[in-house]
>>> print(open('protein-v6.pdb').read())   # PDB, C-alpha atoms
ATOM      1  CA  ILE U 197      61.414 -14.559 -21.602
ATOM      2  CA  LEU U 198      65.197 -14.380 -21.471
ATOM      3  CA  VAL U 199      66.608 -15.538 -18.115
ATOM      4  CA  LEU U 200      70.076 -14.258 -17.187
ATOM      5  CA  ASP U 201      71.783 -16.280 -14.452
ATOM      6  CA  PHE U 202      74.673 -14.292 -12.988
ATOM      7  CA  ALA U 203      77.790 -15.699 -11.367
ATOM      8  CA  SER U 204      78.288 -12.449  -9.438
ATOM      9  CA  LEU U 205      76.047  -9.766  -8.006
ATOM     10  CA  ARG U 206      78.518  -7.145  -9.220
ATOM     11  CA  THR U 207      78.203  -8.234 -12.851
ATOM     12  CA  GLN U 208      74.417  -8.242 -12.536
ATOM     13  CA  GLY U 209      74.530  -4.736 -11.091
ATOM     14  CA  LEU U 210      76.864  -3.427 -13.771
ATOM     15  CA  MET U 211      74.523  -4.697 -16.480
ATOM     16  CA  LEU U 212      71.136  -3.813 -15.015
ATOM     17  CA  ASN U 213      71.274  -1.245 -12.190
ATOM     18  CA  ARG U 214      71.216   1.743 -14.532
ATOM     19  CA  VAL U 215      68.151   0.277 -16.265
ATOM     20  CA  ALA U 216      66.472  -0.118 -12.863
ATOM     21  CA  ALA U 217      67.243   3.495 -12.013
ATOM     22  CA  LEU U 218      65.457   4.676 -15.152
ATOM     23  CA  ILE U 219      62.492   2.299 -15.069
ATOM     24  CA  GLU U 220      61.343   1.910 -11.473
ATOM     25  CA  LYS U 221      63.514   3.216  -8.642
ATOM     26  CA  ALA U 222      61.839   5.941  -6.575
ATOM     27  CA  GLY U 223      63.202   9.467  -6.587
ATOM     28  CA  LEU U 224      65.132   9.081  -9.844
ATOM     29  CA  PRO U 225      64.341  10.610 -13.256
ATOM     30  CA  ARG U 226      62.084   8.698 -15.625
ATOM     31  CA  ASP U 227      63.204  10.717 -18.643
ATOM     32  CA  ARG U 228      66.985  10.400 -18.649
ATOM     33  CA  VAL U 229      69.698   7.798 -18.069
ATOM     34  CA  LEU U 230      71.968   8.502 -15.109
ATOM     35  CA  SER U 231      75.691   8.999 -15.507
ATOM     36  CA  ASP U 232      78.035   6.624 -13.684
ATOM     37  CA  THR U 233      78.575   9.209 -10.944
ATOM     38  CA  ALA U 234      74.871   9.974 -10.534
ATOM     39  CA  LEU U 235      74.047   6.257 -10.382
ATOM     40  CA  ASP U 236      76.718   5.644  -7.724
ATOM     41  CA  ASP U 237      75.365   8.575  -5.703
ATOM     42  CA  ALA U 238      71.788   7.272  -5.958
ATOM     43  CA  ILE U 239      72.802   3.772  -4.878
ATOM     44  CA  ARG U 240      74.705   5.067  -1.857
ATOM     45  CA  ALA U 241      71.898   7.464  -0.915
ATOM     46  CA  GLY U 242      69.550   4.498  -0.628
ATOM     47  CA  GLY U 243      71.966   2.642   1.648
ATOM     48  CA  ASP U 244      72.747   0.069  -1.044
ATOM     49  CA  THR U 245      75.757  -1.093  -2.999
ATOM     50  CA  MET U 246      76.051  -2.083  -6.628
ATOM     51  CA  GLU U 247      75.583  -5.678  -5.470
ATOM     52  CA  THR U 248      72.463  -5.080  -3.338
ATOM     53  CA  PHE U 249      70.550  -2.498  -5.415
ATOM     54  CA  TYR U 250      68.444  -5.447  -6.614
ATOM     55  CA  PHE U 251      68.834  -9.201  -6.143
ATOM     56  CA  GLY U 252      66.789  -9.830  -9.290
ATOM     57  CA  HIS U 253      65.682  -7.711 -12.240
ATOM     58  CA  ASP U 254      62.807  -7.750 -14.736
ATOM     59  CA  TYR U 255      62.154  -5.535 -17.760
ATOM     60  CA  SER U 256      59.986  -5.665 -20.843
ATOM     61  CA  ALA U 257      61.449  -5.378 -24.319
ATOM     62  CA  ALA U 258      59.873  -1.925 -24.622
ATOM     63  CA  GLU U 259      61.553  -0.741 -21.417
ATOM     64  CA  LEU U 260      64.960  -1.935 -22.588
ATOM     65  CA  ALA U 261      64.444  -0.257 -25.970
ATOM     66  CA  ARG U 262      63.599   3.024 -24.222
ATOM     67  CA  PHE U 263      66.710   2.778 -22.044
ATOM     68  CA  PHE U 264      69.039   2.295 -24.984
ATOM     69  CA  ALA U 265      67.315   4.980 -27.060
ATOM     70  CA  LEU U 266      67.658   7.518 -24.241
ATOM     71  CA  ALA U 267      71.280   6.552 -23.594
ATOM     72  CA  ALA U 268      72.101   7.040 -27.275
ATOM     73  CA  ARG U 269      70.271  10.385 -27.425
ATOM     74  CA  GLN U 270      72.127  11.633 -24.341
ATOM     75  CA  GLY U 271      75.479  10.277 -25.461
ATOM     76  CA  VAL U 272      75.840   8.197 -22.296
ATOM     77  CA  ALA U 273      78.859   5.886 -22.466
ATOM     78  CA  LEU U 274      77.633   2.373 -21.701
ATOM     79  CA  ASN U 275      79.853  -0.017 -19.770
ATOM     80  CA  ALA U 276      80.896  -3.394 -21.166
ATOM     81  CA  GLU U 277      78.062  -5.254 -19.458
ATOM     82  CA  GLU U 278      75.450  -2.809 -20.760
ATOM     83  CA  ARG U 279      76.850  -3.166 -24.270
ATOM     84  CA  THR U 280      76.453  -6.930 -23.914
ATOM     85  CA  LEU U 281      72.847  -6.352 -22.852
ATOM     86  CA  ALA U 282      72.283  -4.161 -25.914
ATOM     87  CA  ALA U 283      73.655  -6.915 -28.148
ATOM     88  CA  LEU U 284      71.350  -9.496 -26.522
ATOM     89  CA  ALA U 285      68.328  -7.222 -26.962
ATOM     90  CA  ARG U 286      69.228  -6.405 -30.565
ATOM     91  CA  ALA U 287      69.708 -10.084 -31.446
ATOM     92  CA  ARG U 288      66.167 -10.820 -30.243
ATOM     93  CA  GLY U 289      64.638  -7.908 -32.138
ATOM     94  CA  TRP U 290      63.686  -6.153 -28.905
ATOM     95  CA  LEU U 291      64.925  -2.721 -29.973
ATOM     96  CA  ALA U 292      62.314  -2.535 -32.751
ATOM     97  CA  PRO U 293      58.942  -0.831 -32.125
ATOM     98  CA  GLY U 294      56.270  -3.177 -30.810
ATOM     99  CA  ALA U 295      58.660  -5.977 -29.881
ATOM    100  CA  ASP U 296      57.309  -8.620 -27.508
ATOM    101  CA  GLY U 297      59.648 -10.030 -24.878
ATOM    102  CA  ALA U 298      60.967  -9.795 -21.352
ATOM    103  CA  LEU U 299      64.259 -10.162 -19.555
ATOM    104  CA  ILE U 300      64.643 -11.392 -15.990
ATOM    105  CA  SER U 301      67.751 -12.038 -13.929
ATOM    106  CA  LEU U 302      68.865 -13.795 -10.779
ATOM    107  CA  PRO U 303      72.214 -14.545  -9.117
ATOM    108  CA  ASN U 304      73.863 -17.841  -8.253
ATOM    109  CA  ALA U 305      73.146 -19.264  -4.806
ATOM    110  CA  GLY U 306      75.637 -18.467  -2.071
ATOM    111  CA  LEU U 307      76.523 -14.912  -3.126
ATOM    112  CA  ASN U 308      74.602 -13.326  -0.236
ATOM    113  CA  PRO U 309      73.033 -14.633   3.008
ATOM    114  CA  PHE U 310      69.573 -14.147   1.463
ATOM    115  CA  ILE U 311      70.528 -16.050  -1.672
ATOM    116  CA  ASP U 312      70.723 -19.617  -0.446
ATOM    117  CA  ALA U 313      68.886 -22.309  -2.411
ATOM    118  CA  ALA U 314      65.479 -21.246  -1.050
ATOM    119  CA  GLY U 315      66.180 -17.569  -1.659
ATOM    120  CA  ARG U 316      67.305 -18.198  -5.221
ATOM    121  CA  ASP U 317      64.200 -20.290  -5.893
ATOM    122  CA  THR U 318      62.008 -17.470  -4.587
ATOM    123  CA  ILE U 319      63.800 -14.861  -6.713
ATOM    124  CA  LEU U 320      63.365 -17.045  -9.811
ATOM    125  CA  HIS U 321      59.621 -17.566  -9.263
ATOM    126  CA  HIS U 322      59.103 -13.876  -8.433
ATOM    127  CA  GLU U 323      60.912 -12.704 -11.561
ATOM    128  CA  LEU U 324      59.270 -15.302 -13.817
ATOM    129  CA  SER U 325      55.878 -13.939 -12.779
ATOM    130  CA  HIS U 326      57.020 -10.528 -14.014
ATOM    131  CA  GLY U 327      58.036 -12.163 -17.270
ATOM    132  CA  ALA U 328      54.491 -13.521 -17.581
ATOM    133  CA  TYR U 329      53.030 -10.100 -16.837
ATOM    134  CA  PHE U 330      55.121  -8.576 -19.633
ATOM    135  CA  THR U 331      54.445 -11.259 -22.243
ATOM    136  CA  GLU U 332      50.973 -12.700 -21.468
ATOM    137  CA  PRO U 333      48.282 -10.038 -22.115
ATOM    138  CA  ASP U 334      45.530 -12.095 -20.470
ATOM    139  CA  TYR U 335      47.560 -12.409 -17.275
ATOM    140  CA  ALA U 336      48.409  -8.695 -17.198
ATOM    141  CA  ALA U 337      44.760  -7.762 -17.755
ATOM    142  CA  TYR U 338      43.630 -10.159 -15.017
ATOM    143  CA  THR U 339      46.181  -8.731 -12.574
ATOM    144  CA  GLN U 340      45.027  -5.195 -13.346
ATOM    145  CA  ARG U 341      41.374  -6.098 -12.745
ATOM    146  CA  PHE U 342      42.296  -7.844  -9.494
ATOM    147  CA  TRP U 343      44.134  -4.725  -8.311
ATOM    148  CA  ARG U 344      41.248  -2.409  -9.175
ATOM    149  CA  ASP U 345      38.206  -4.559  -8.407
ATOM    150  CA  THR U 346      39.177  -7.167  -5.783
ATOM    151  CA  LEU U 347      41.622  -5.371  -3.532
ATOM    152  CA  THR U 348      40.113  -2.777  -1.246
ATOM    153  CA  ALA U 349      41.485   0.755  -1.148
ATOM    154  CA  ALA U 350      43.139  -0.095   2.172
ATOM    155  CA  GLN U 351      44.759  -3.219   0.702
ATOM    156  CA  ARG U 352      46.072  -1.274  -2.295
ATOM    157  CA  ALA U 353      47.480   1.288   0.127
ATOM    158  CA  GLY U 354      49.179  -1.490   2.091
ATOM    159  CA  PHE U 355      50.860  -2.880  -0.999
ATOM    160  CA  ARG U 356      51.859   0.623  -2.076
ATOM    161  CA  ALA U 357      53.387   1.355   1.328
ATOM    162  CA  PHE U 358      55.406  -1.862   1.268
ATOM    163  CA  LEU U 359      56.607  -1.291  -2.275
ATOM    164  CA  GLY U 360      57.567   2.273  -1.432
ATOM    165  CA  SER U 361      59.619   1.009   1.491
ATOM    166  CA  GLU U 362      61.412  -1.300  -0.950
ATOM    167  CA  GLY U 363      62.389   1.650  -3.160
ATOM    168  CA  TYR U 364      59.840   1.270  -5.967
ATOM    169  CA  ASP U 365      58.306   4.362  -7.561
ATOM    170  CA  THR U 366      54.765   4.190  -6.168
ATOM    171  CA  GLY U 367      53.540   6.717  -8.728
ATOM    172  CA  ILE U 368      53.782   4.129 -11.530
ATOM    173  CA  GLU U 369      50.449   2.319 -11.298
ATOM    174  CA  ASP U 370      51.386  -0.475 -13.710
ATOM    175  CA  LEU U 371      54.496  -1.176 -11.616
ATOM    176  CA  MET U 372      52.356  -1.399  -8.469
ATOM    177  CA  MET U 373      50.029  -3.924 -10.100
ATOM    178  CA  ASN U 374      52.885  -6.000 -11.472
ATOM    179  CA  GLU U 375      54.694  -6.112  -8.134
ATOM    180  CA  MET U 376      51.461  -6.891  -6.289
ATOM    181  CA  GLN U 377      50.957 -10.140  -8.192
ATOM    182  CA  ALA U 378      54.590 -11.133  -7.741
ATOM    183  CA  TYR U 379      54.683 -10.530  -3.980
ATOM    184  CA  LEU U 380      51.186 -11.887  -3.323
ATOM    185  CA  MET U 381      51.500 -15.100  -5.313
ATOM    186  CA  HIS U 382      55.119 -15.840  -6.171
ATOM    187  CA  THR U 383      57.331 -14.800  -3.225
ATOM    188  CA  ALA U 384      57.034 -17.638  -0.736
ATOM    189  CA  ASP U 385      60.207 -17.001   1.304
ATOM    190  CA  PRO U 386      59.240 -14.917   4.388
ATOM    191  CA  ARG U 387      62.660 -13.263   4.343
ATOM    192  CA  PHE U 388      61.472 -11.346   1.270
ATOM    193  CA  CYS U 389      57.816 -10.703   2.125
ATOM    194  CA  THR U 390      55.294 -11.455   4.887
ATOM    195  CA  PRO U 391      51.602 -10.653   5.402
ATOM    196  CA  ALA U 392      52.584  -8.079   8.028
ATOM    197  CA  ALA U 393      54.905  -6.340   5.563
ATOM    198  CA  LEU U 394      51.917  -5.979   3.218
ATOM    199  CA  HIS U 395      49.770  -4.685   6.099
ATOM    200  CA  LEU U 396      47.633  -7.831   5.962
ATOM    201  CA  THR U 397      46.735 -10.495   8.488
ATOM    202  CA  PRO U 398      47.782 -14.029   7.513
ATOM    203  CA  ALA U 399      44.110 -14.934   6.981
ATOM    204  CA  ALA U 400      43.493 -11.903   4.774
ATOM    205  CA  MET U 401      46.561 -12.655   2.668
ATOM    206  CA  ALA U 402      45.525 -16.301   2.293
ATOM    207  CA  ALA U 403      42.036 -15.221   1.209
ATOM    208  CA  LEU U 404      43.513 -12.929  -1.443
ATOM    209  CA  GLN U 405      45.752 -15.729  -2.665
ATOM    210  CA  VAL U 406      42.777 -18.082  -2.973
ATOM    211  CA  ALA U 407      40.810 -15.442  -4.867
ATOM    212  CA  PHE U 408      43.685 -14.650  -7.215
ATOM    213  CA  LEU U 409      44.392 -18.296  -8.010
ATOM    214  CA  ARG U 410      40.712 -19.055  -8.552
ATOM    215  CA  GLY U 411      40.425 -16.579 -11.399
ATOM    216  CA  MET U 412      43.973 -16.827 -12.754
ATOM    217  CA  PRO U 413      44.075 -17.443 -16.526
ATOM    218  CA  PRO U 414      45.297 -20.882 -17.643
ATOM    219  CA  GLY U 415      48.861 -21.216 -18.824
ATOM    220  CA  TRP U 416      52.366 -22.110 -17.695
ATOM    221  CA  LEU U 417      52.412 -19.670 -14.761
ATOM    222  CA  ARG U 418      49.152 -20.941 -13.304
ATOM    223  CA  ALA U 419      50.314 -24.524 -13.781
ATOM    224  CA  GLN U 420      53.411 -23.919 -11.668
ATOM    225  CA  THR U 421      51.576 -21.937  -8.949
ATOM    226  CA  PRO U 422      51.154 -24.381  -6.043
ATOM    227  CA  GLY U 423      47.431 -24.358  -5.438
ATOM    228  CA  ALA U 424      47.802 -26.531  -2.332
ATOM    229  CA  MET U 425      49.399 -23.538  -0.617
ATOM    230  CA  PHE U 426      46.159 -21.614  -1.029
ATOM    231  CA  ASP U 427      43.532 -24.150  -0.027
ATOM    232  CA  ALA U 428      40.314 -22.278   0.683
ATOM    233  CA  ALA U 429      39.098 -25.137   2.865
ATOM    234  CA  ALA U 430      42.066 -24.596   5.178
ATOM    235  CA  LEU U 431      41.186 -20.986   5.905
ATOM    236  CA  PRO U 432      39.798 -20.197   9.351
TER     237      PRO U 432
END
>>> encode(input="protein-v6.pdb", output="structure tokens")
Amino acid sequence: ILVLDFASLRTQGLMLNRVAALIEKAGLPRDRVLSDTALDDAIRAGGDTMETFYFGHDYSAAELARFFALAARQGVALNAEERTLAALARARGWLAPGADGALISLPNAGLNPFIDAAGRDTILHHELSHGAYFTEPDYAAYTQRFWRDTLTAAQRAGFRAFLGSEGYDTGIEDLMMNEMQAYLMHTADPRFCTPAALHLTPAAMAALQVAFLRGMPPGWLRAQTPGAMFDAAALP
């Protein structure tokens, strides 16, 4: 997992916003890379700026390879930051078929009111969990089973509604499952997510957290997930 730590939200946006538009933003094409003008229009239409389109990013090696292949096929002129990203991906062998890897990003603290020390810590843990989903097959498979077999239809709908309100493409089932695990287990700061936002009561969310942690595969992500936060004995 390659972690990019940005000194400015603008630089992060210049490097990764166009990737986000292709991979997961709702209402945008999944089969072509946007031009600079189309990307600017899409960002403004969502009420965002280049700096606020995302505070953190996460992509698998395969997703980055698809982005660069499409851009080359379309003849899209990449900006300097995107060319740097291509060089990083190429150096790690990520543009080859079947490559295993993930990229995540986060900004320095203090660049936005949400990104104080606690906000930055939350973004890092959230994005690292996506890195695990992309690179740890056992964890991805467990998350997918949890989504299908443990969550009720109403709970899945609640997550989907929240993620749709955040601008994710709710028609991508794998994206829904990946974001579910990140928001349920690895987004502690209530400024980013609350039980109510997920259409859950606090007790219901705590019960889901206990259940997820109980069956979570061993490994570095489980080891850094604070089990004391999800103490079943503390539930009402």
>>> residues_around(input="protein-v6.pdb", residues="range 274-277 of chain U", least_positions_apart="5", cutoff="10 Å", atoms="only C-alpha atoms", output="ChimeraX atom specification")
/U:207-212,214,231-232,264,267-268,282-283
>>> resolve_selection(input="protein-v6.pdb", expression="the PyMOL selection byres ((chain U and resi 311) around 12)", output="number ranges by chain")
U: 204-205, 248, 250-252, 302-310, 312-320, 385, 387-388
>>> atom_distance(input="protein-v6.pdb", atom1="CA of Met372 in chain U", atom2="CA of Ala399 in chain U")
22.1 Å
>>> resolve_selection(input="protein-v6.pdb", expression="the PyMOL selection byres ((chain U and resi 405) around 12)", output="compact mmCIF listing (two decimals) with C-alpha atoms, in the coordinates of the input")
# COMPACT_ATOMS: atom_id res chain seq x y z
CA PHE U 342 42.30 -7.84 -9.49
CA THR U 346 39.18 -7.17 -5.78
CA LEU U 347 41.62 -5.37 -3.53
CA MET U 376 51.46 -6.89 -6.29
CA GLN U 377 50.96 -10.14 -8.19
CA ALA U 378 54.59 -11.13 -7.74
CA TYR U 379 54.68 -10.53 -3.98
CA LEU U 380 51.19 -11.89 -3.32
CA MET U 381 51.50 -15.10 -5.31
CA HIS U 382 55.12 -15.84 -6.17
CA THR U 383 57.33 -14.80 -3.22
CA ALA U 384 57.03 -17.64 -0.74
CA PRO U 391 51.60 -10.65 5.40
CA LEU U 396 47.63 -7.83 5.96
CA PRO U 398 47.78 -14.03 7.51
CA ALA U 399 44.11 -14.93 6.98
CA ALA U 400 43.49 -11.90 4.77
CA MET U 401 46.56 -12.66 2.67
CA ALA U 402 45.52 -16.30 2.29
CA ALA U 403 42.04 -15.22 1.21
CA LEU U 404 43.51 -12.93 -1.44
CA VAL U 406 42.78 -18.08 -2.97
CA ALA U 407 40.81 -15.44 -4.87
CA PHE U 408 43.68 -14.65 -7.22
CA LEU U 409 44.39 -18.30 -8.01
CA ARG U 410 40.71 -19.06 -8.55
CA GLY U 411 40.42 -16.58 -11.40
CA MET U 412 43.97 -16.83 -12.75
CA THR U 421 51.58 -21.94 -8.95
CA PRO U 422 51.15 -24.38 -6.04
CA GLY U 423 47.43 -24.36 -5.44
CA ALA U 424 47.80 -26.53 -2.33
CA MET U 425 49.40 -23.54 -0.62
CA PHE U 426 46.16 -21.61 -1.03
CA ASP U 427 43.53 -24.15 -0.03
CA ALA U 428 40.31 -22.28 0.68
CA LEU U 431 41.19 -20.99 5.90
>>> atom_distance(input="protein-v6.pdb", atom1="CA of Asp370 in chain U", atom2="CA of Gly327 in chain U")
13.9 Å
>>> decode(input="protein-v6.pdb", residues="range 299-314 of chain U", atoms="N, CA, C and O atoms", output="compact mmCIF listing (two decimals), in the first residue's frame")
# COMPACT_ATOMS: atom_id res chain seq x y z
N LEU U 299 -3.12 2.34 -3.64
CA LEU U 299 -2.67 3.68 -3.30
C LEU U 299 -3.73 4.35 -2.45
O LEU U 299 -4.93 4.26 -2.74
N ILE U 300 -3.28 5.00 -1.37
CA ILE U 300 -4.19 5.84 -0.58
C ILE U 300 -3.52 7.20 -0.39
O ILE U 300 -2.32 7.35 -0.55
N SER U 301 -4.36 8.20 -0.08
CA SER U 301 -3.80 9.54 0.14
C SER U 301 -4.51 10.22 1.29
O SER U 301 -5.65 9.88 1.64
N LEU U 302 -3.82 11.20 1.86
CA LEU U 302 -4.40 12.07 2.87
C LEU U 302 -3.62 13.37 2.88
O LEU U 302 -2.47 13.42 2.44
N PRO U 303 -4.26 14.46 3.36
CA PRO U 303 -3.58 15.75 3.40
C PRO U 303 -2.97 16.04 4.77
O PRO U 303 -3.34 15.43 5.78
N ASN U 304 -2.06 16.99 4.79
CA ASN U 304 -1.49 17.47 6.06
C ASN U 304 -2.59 18.05 6.95
O ASN U 304 -3.62 18.56 6.46
N ALA U 305 -2.39 17.99 8.24
CA ALA U 305 -3.31 18.62 9.19
C ALA U 305 -3.27 20.13 9.02
O ALA U 305 -2.24 20.72 8.68
N GLY U 306 -4.43 20.76 9.26
CA GLY U 306 -4.51 22.21 9.25
C GLY U 306 -4.90 22.83 7.93
O GLY U 306 -5.03 24.05 7.84
N LEU U 307 -5.14 22.00 6.90
CA LEU U 307 -5.47 22.55 5.58
C LEU U 307 -6.95 22.85 5.43
O LEU U 307 -7.36 23.50 4.47
N ASN U 308 -7.76 22.37 6.37
CA ASN U 308 -9.21 22.52 6.32
C ASN U 308 -9.72 22.35 7.75
O ASN U 308 -9.11 21.62 8.53
N PRO U 309 -10.85 23.01 8.11
CA PRO U 309 -11.35 22.85 9.49
C PRO U 309 -11.59 21.39 9.89
O PRO U 309 -11.45 21.05 11.06
N PHE U 310 -11.94 20.52 8.94
CA PHE U 310 -12.15 19.12 9.26
C PHE U 310 -10.82 18.38 9.47
O PHE U 310 -10.78 17.32 10.10
N ILE U 311 -9.75 18.92 8.93
CA ILE U 311 -8.49 18.19 8.92
C ILE U 311 -7.56 18.72 10.01
O ILE U 311 -6.48 19.24 9.76
N ASP U 312 -8.03 18.64 11.26
CA ASP U 312 -7.15 18.85 12.39
C ASP U 312 -6.47 17.50 12.67
O ASP U 312 -6.56 16.57 11.87
N ALA U 313 -5.79 17.38 13.79
CA ALA U 313 -5.07 16.14 14.08
C ALA U 313 -6.02 14.94 14.13
O ALA U 313 -5.72 13.87 13.58
N ALA U 314 -7.20 15.12 14.76
CA ALA U 314 -8.15 14.01 14.87
C ALA U 314 -8.73 13.67 13.50
O ALA U 314 -8.90 12.49 13.17
